[in-house]
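Report on the structure given below.
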Amino acid sequence: MYDKLIEAAIQARENAYAPYSNFMVGAAVLCENGKIFSGCNIENASFGATNCAERTAIFKAVSEGCRTIKSVAVIGDPNNFTFPCGICRQVIAEFAENGDIKIFIVKNKKEFIVKTLDEVLPGVFSKKDLLMQD
C-alpha cells in the first residue's frame with residue numbers, strides 16, 4: 001500500500017502551482033479506510049495565502065469524511081529529502097490518532113525515509129493538551 005501512497009505523492013507534485021518559488025511539492029495521505037488523497041502546493045502572489053501540499057491532501061481527505069490519517073508521503077526536491085513545514089506537522093498531528101502515523105519523506109520511488117510524528121514534531125501540542133485544562 002505504501003508504494004501507492006508514494007506514487008500518489010510523486011504524481012501530485014506534477015500538478016503543483018509554484019510560479020514564484022518554482023519549488024514543486026506533492027503529498028498523499030492514507031486514511032483509516034484505505035483511501036488515498038493527494039495534493040500539491042498552491043502558491044499565491046500574497047504569500048500568506050499559499051497552501052502546502054500536505055495540507056491540501058489532508059484537507060481533501062477531511063472534506064471527504066476521513067478523520068484519522070495513517071500515513072503521509074511528501075516529495076519536494078527529488079534530489080533531497082523535503083520534510084513538512086511546521087504548520088503541516090501540526091496539521092498532521094491533528095489527524096494522527098494517538099500520534100501513531102508514518103511519515104514518508106520521499107526523493108523518488110526507491111529513495112525515502114520513514115519518520116514518526118514524535119521524530120518530526122517532538123512535544124506536539126494536541127487535543128490532549130486542551131482536555132487537560134481546569
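Here's how to read the names in the C-alpha cells: chain A, B, ... by the order shown, residue numbers from 1 in each chain, ligand numbers from 1 in the order shown.
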Going by DSSP on the backbone, which residues of range 79-111 of chain A come out as strand (DSSP E or B)? List them as number ranges by chain.
A: 102-106
Please dump the current selection as a compact mmCIF listing (two decimals), in the first residue's frame; keep N, CA and C atoms.
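Written output follows (result-v4.txt):
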# COMPACT_ATOMS: atom_id res chain seq x y z
N LYS A 102 2.90 7.12 10.15
CA LYS A 102 4.18 7.02 9.44
C LYS A 102 4.25 8.18 8.46
N ILE A 103 5.39 8.85 8.47
CA ILE A 103 5.61 9.97 7.56
C ILE A 103 6.75 9.59 6.63
N PHE A 104 6.41 9.45 5.35
CA PHE A 104 7.38 9.08 4.33
C PHE A 104 7.94 10.35 3.69
N ILE A 105 9.23 10.55 3.83
CA ILE A 105 9.92 11.68 3.21
C ILE A 105 10.60 11.11 1.97
N VAL A 106 10.15 11.55 0.80
CA VAL A 106 10.46 10.86 -0.45
C VAL A 106 11.36 11.69 -1.36
Near range 46-49 of chain A, within 12 Å and counting only C-alpha atoms, which residues show up once chain neighbours fewer than 3 positions away are dropped, as a list in words?
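Near range 46-49 of chain A, the qualifying residues are Ala18, Pro19, Tyr20, Ser21, Asn41, Ile42, Glu43 and Cys52 of chain A.
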Keeping N, CA and C atoms for every residue in the selection just given, could you write it to a file as an mmCIF file, in the first residue's frame?
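The resulting out_21.cif:
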data_model
loop_
_atom_site.group_PDB
_atom_site.id
_atom_site.type_symbol
_atom_site.label_atom_id
_atom_site.label_comp_id
_atom_site.auth_asym_id
_atom_site.auth_seq_id
_atom_site.Cartn_x
_atom_site.Cartn_y
_atom_site.Cartn_z
ATOM 1 N N ALA A 18 3.490 26.578 -8.581
ATOM 2 C CA ALA A 18 4.583 27.235 -7.857
ATOM 3 C C ALA A 18 5.313 28.241 -8.752
ATOM 4 N N PRO A 19 4.590 29.241 -9.277
ATOM 5 C CA PRO A 19 5.228 30.187 -10.196
ATOM 6 C C PRO A 19 6.213 31.140 -9.528
ATOM 7 N N TYR A 20 6.184 31.264 -8.203
ATOM 8 C CA TYR A 20 7.045 32.219 -7.511
ATOM 9 C C TYR A 20 8.319 31.562 -6.979
ATOM 10 N N SER A 21 8.174 30.415 -6.343
ATOM 11 C CA SER A 21 9.347 29.739 -5.786
ATOM 12 C C SER A 21 9.920 28.698 -6.737
ATOM 13 N N ASN A 41 1.375 21.734 -3.625
ATOM 14 C CA ASN A 41 1.440 23.093 -3.100
ATOM 15 C C ASN A 41 0.805 24.038 -4.118
ATOM 16 N N ILE A 42 0.148 25.056 -3.592
ATOM 17 C CA ILE A 42 -0.552 26.033 -4.424
ATOM 18 C C ILE A 42 -0.145 27.406 -3.922
ATOM 19 N N GLU A 43 0.723 28.061 -4.692
ATOM 20 C CA GLU A 43 1.233 29.372 -4.283
ATOM 21 C C GLU A 43 0.259 30.474 -4.668
ATOM 22 N N CYS A 52 0.338 24.505 1.432
ATOM 23 C CA CYS A 52 1.299 23.426 1.228
ATOM 24 C C CYS A 52 0.611 22.166 0.716
#
Tell me, as a PyMOL selection string, which residues lie within 10 Å of Phe95 in chain A, counting only C-alpha atoms; anything in the same chain fewer than 4 positions away does not count.
chain A and resi 31+58+62+66-70+90-91+99-101+126
Generate a file of the selected residues that holds C-alpha atoms, formatted as a PDB file, in the first residue's frame.
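selection_36.pdb was written with the following content:
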ATOM      1  CA  CYS A  31      -6.833   7.310   5.620  1.00  0.00           C
ATOM      2  CA  ILE A  58      -5.246  16.411   4.352  1.00  0.00           C
ATOM      3  CA  VAL A  62     -11.121  15.557   5.799  1.00  0.00           C
ATOM      4  CA  CYS A  66     -11.624  10.985   6.779  1.00  0.00           C
ATOM      5  CA  ARG A  67     -10.815  11.833  10.391  1.00  0.00           C
ATOM      6  CA  THR A  68      -7.791   9.608  11.012  1.00  0.00           C
ATOM      7  CA  ILE A  69      -4.697   9.596   8.835  1.00  0.00           C
ATOM      8  CA  LYS A  70      -2.490   6.514   8.998  1.00  0.00           C
ATOM      9  CA  GLN A  90       0.879  20.435  13.372  1.00  0.00           C
ATOM     10  CA  VAL A  91      -1.967  19.646  10.945  1.00  0.00           C
ATOM     11  CA  GLY A  99       0.354  10.232  17.200  1.00  0.00           C
ATOM     12  CA  ASP A 100       0.550   6.836  15.514  1.00  0.00           C
ATOM     13  CA  ILE A 101       1.438   7.768  11.942  1.00  0.00           C
ATOM     14  CA  SER A 126      -2.584  18.294  20.665  1.00  0.00           C
TER      15      SER A 126
END
When you look at Phe81 in chain A with a cut-off of 10 Å (counting only C-alpha atoms), what residues show up, excluding the ones that are within fewer than 4 positions of it in the same chain? I need them as an MDAnalysis selection string.
chainID A and resid 74:77 104:108 111:113
Test item: residues at most 12 Å from Ala73 in chain A, only C-alpha atoms, excluding those fewer than 4 positions along its chain, as a CSV table (one decimal) with C-alpha atoms, in the first residue's frame:
chain,number,residue,atom,x,y,z
A,1,MET,CA,0.0,0.0,0.0
A,2,TYR,CA,2.9,2.4,0.7
A,3,ASP,CA,4.1,2.2,-2.8
A,4,LYS,CA,0.7,3.5,-4.0
A,5,LEU,CA,0.9,6.3,-1.4
A,6,ILE,CA,4.4,7.3,-2.6
A,7,GLU,CA,3.4,7.2,-6.2
A,8,ALA,CA,0.3,9.4,-5.5
A,9,ALA,CA,2.6,12.0,-3.9
A,10,ILE,CA,5.0,11.9,-6.8
A,11,GLN,CA,2.1,12.3,-9.3
A,12,ALA,CA,0.6,15.2,-7.2
A,13,ARG,CA,3.9,17.0,-7.4
A,25,VAL,CA,5.8,19.7,-3.7
A,26,GLY,CA,3.4,16.7,-3.8
A,27,ALA,CA,1.8,14.9,-0.9
A,28,ALA,CA,-0.5,12.0,-0.3
A,29,VAL,CA,-2.3,10.7,2.8
A,30,LEU,CA,-3.6,7.3,3.6
A,36,ILE,CA,-5.6,7.8,-0.6
A,37,PHE,CA,-5.9,11.6,-1.1
A,38,SER,CA,-3.2,13.6,-2.8
A,39,GLY,CA,-2.4,17.3,-3.0
A,40,CYS,CA,0.2,19.7,-4.3
A,53,ALA,CA,0.9,20.1,-0.5
A,54,GLU,CA,0.5,18.2,2.8
A,55,ARG,CA,-2.4,20.4,4.0
A,57,ALA,CA,-4.1,16.5,0.7
A,58,ILE,CA,-5.2,16.4,4.4
A,69,ILE,CA,-4.7,9.6,8.8
A,81,PHE,CA,14.6,14.9,1.3
A,82,THR,CA,12.0,17.6,1.9
A,83,PHE,CA,10.3,17.5,5.3
A,84,PRO,CA,6.9,19.0,6.0
A,92,ILE,CA,-0.7,16.1,10.5
A,101,ILE,CA,1.4,7.8,11.9
A,102,LYS,CA,4.2,7.0,9.4
A,103,ILE,CA,5.6,10.0,7.6
A,104,PHE,CA,7.4,9.1,4.3
A,105,ILE,CA,9.9,11.7,3.2
A,106,VAL,CA,10.5,10.9,-0.5
A,107,LYS,CA,13.1,11.6,-3.1
A,108,ASN,CA,11.8,9.1,-5.6
A,109,LYS,CA,10.1,5.7,-5.7
A,112,PHE,CA,12.6,7.5,1.0
A,113,ILE,CA,12.9,7.6,4.8
A,114,VAL,CA,10.2,6.9,7.3
A,115,LYS,CA,9.7,9.0,10.4
A,116,THR,CA,7.2,9.0,13.3
DSSP says alpha helix (DSSP H) for which residues of range 6-73 of chain A? Put them as number ranges by chain?
A: 6-13, 53-63
Please produce a file of those selected residues containing N, CA and C atoms, as a PDB file, in the first residue's frame.
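So the final result, stored in part38.pdb, reads:
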ATOM      1  N   ILE A   6       3.237   6.598  -2.055  1.00  0.00           N
ATOM      2  CA  ILE A   6       4.399   7.322  -2.571  1.00  0.00           C
ATOM      3  C   ILE A   6       4.176   7.738  -4.019  1.00  0.00           C
ATOM      4  N   GLU A   7       3.640   6.845  -4.816  1.00  0.00           N
ATOM      5  CA  GLU A   7       3.356   7.167  -6.224  1.00  0.00           C
ATOM      6  C   GLU A   7       2.351   8.312  -6.332  1.00  0.00           C
ATOM      7  N   ALA A   8       1.332   8.314  -5.478  1.00  0.00           N
ATOM      8  CA  ALA A   8       0.335   9.386  -5.495  1.00  0.00           C
ATOM      9  C   ALA A   8       0.974  10.733  -5.170  1.00  0.00           C
ATOM     10  N   ALA A   9       1.909  10.744  -4.223  1.00  0.00           N
ATOM     11  CA  ALA A   9       2.609  11.989  -3.885  1.00  0.00           C
ATOM     12  C   ALA A   9       3.464  12.465  -5.050  1.00  0.00           C
ATOM     13  N   ILE A  10       4.158  11.540  -5.681  1.00  0.00           N
ATOM     14  CA  ILE A  10       5.008  11.891  -6.830  1.00  0.00           C
ATOM     15  C   ILE A  10       4.158  12.466  -7.961  1.00  0.00           C
ATOM     16  N   GLN A  11       3.027  11.842  -8.230  1.00  0.00           N
ATOM     17  CA  GLN A  11       2.140  12.341  -9.284  1.00  0.00           C
ATOM     18  C   GLN A  11       1.552  13.702  -8.927  1.00  0.00           C
ATOM     19  N   ALA A  12       1.186  13.885  -7.666  1.00  0.00           N
ATOM     20  CA  ALA A  12       0.609  15.163  -7.233  1.00  0.00           C
ATOM     21  C   ALA A  12       1.598  16.306  -7.415  1.00  0.00           C
ATOM     22  N   ARG A  13       2.875  16.017  -7.227  1.00  0.00           N
ATOM     23  CA  ARG A  13       3.913  17.039  -7.386  1.00  0.00           C
ATOM     24  C   ARG A  13       3.856  17.663  -8.782  1.00  0.00           C
ATOM     25  N   ALA A  53       1.385  21.303   0.099  1.00  0.00           N
ATOM     26  CA  ALA A  53       0.875  20.053  -0.462  1.00  0.00           C
ATOM     27  C   ALA A  53       0.263  19.159   0.613  1.00  0.00           C
ATOM     28  N   GLU A  54       0.929  19.063   1.763  1.00  0.00           N
ATOM     29  CA  GLU A  54       0.450  18.188   2.821  1.00  0.00           C
ATOM     30  C   GLU A  54      -0.931  18.627   3.307  1.00  0.00           C
ATOM     31  N   ARG A  55      -1.091  19.925   3.515  1.00  0.00           N
ATOM     32  CA  ARG A  55      -2.384  20.427   3.979  1.00  0.00           C
ATOM     33  C   ARG A  55      -3.450  20.292   2.897  1.00  0.00           C
ATOM     34  N   THR A  56      -3.066  20.478   1.637  1.00  0.00           N
ATOM     35  CA  THR A  56      -4.034  20.284   0.555  1.00  0.00           C
ATOM     36  C   THR A  56      -4.558  18.854   0.583  1.00  0.00           C
ATOM     37  N   ALA A  57      -3.667  17.877   0.693  1.00  0.00           N
ATOM     38  CA  ALA A  57      -4.078  16.471   0.731  1.00  0.00           C
ATOM     39  C   ALA A  57      -4.924  16.172   1.968  1.00  0.00           C
ATOM     40  N   ILE A  58      -4.505  16.664   3.117  1.00  0.00           N
ATOM     41  CA  ILE A  58      -5.246  16.411   4.352  1.00  0.00           C
ATOM     42  C   ILE A  58      -6.619  17.058   4.299  1.00  0.00           C
ATOM     43  N   PHE A  59      -6.702  18.292   3.824  1.00  0.00           N
ATOM     44  CA  PHE A  59      -7.994  18.979   3.770  1.00  0.00           C
ATOM     45  C   PHE A  59      -8.938  18.284   2.795  1.00  0.00           C
ATOM     46  N   LYS A  60      -8.407  17.767   1.689  1.00  0.00           N
ATOM     47  CA  LYS A  60      -9.243  16.989   0.769  1.00  0.00           C
ATOM     48  C   LYS A  60      -9.785  15.753   1.478  1.00  0.00           C
ATOM     49  N   ALA A  61      -8.927  15.063   2.217  1.00  0.00           N
ATOM     50  CA  ALA A  61      -9.336  13.846   2.922  1.00  0.00           C
ATOM     51  C   ALA A  61     -10.411  14.166   3.969  1.00  0.00           C
ATOM     52  N   VAL A  62     -10.172  15.193   4.751  1.00  0.00           N
ATOM     53  CA  VAL A  62     -11.121  15.557   5.799  1.00  0.00           C
ATOM     54  C   VAL A  62     -12.457  15.968   5.182  1.00  0.00           C
ATOM     55  N   SER A  63     -12.416  16.695   4.081  1.00  0.00           N
ATOM     56  CA  SER A  63     -13.662  17.130   3.433  1.00  0.00           C
ATOM     57  C   SER A  63     -14.463  15.959   2.875  1.00  0.00           C
TER      58      SER A  63
END
In Å, rounded to a single decimal, give me how far CA of Cys85 in chain A is from CA of Ala16 in chain A.
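Value for the CA of Ala16 in chain A-CA of Cys85 in chain A distance: 16.3 Å.
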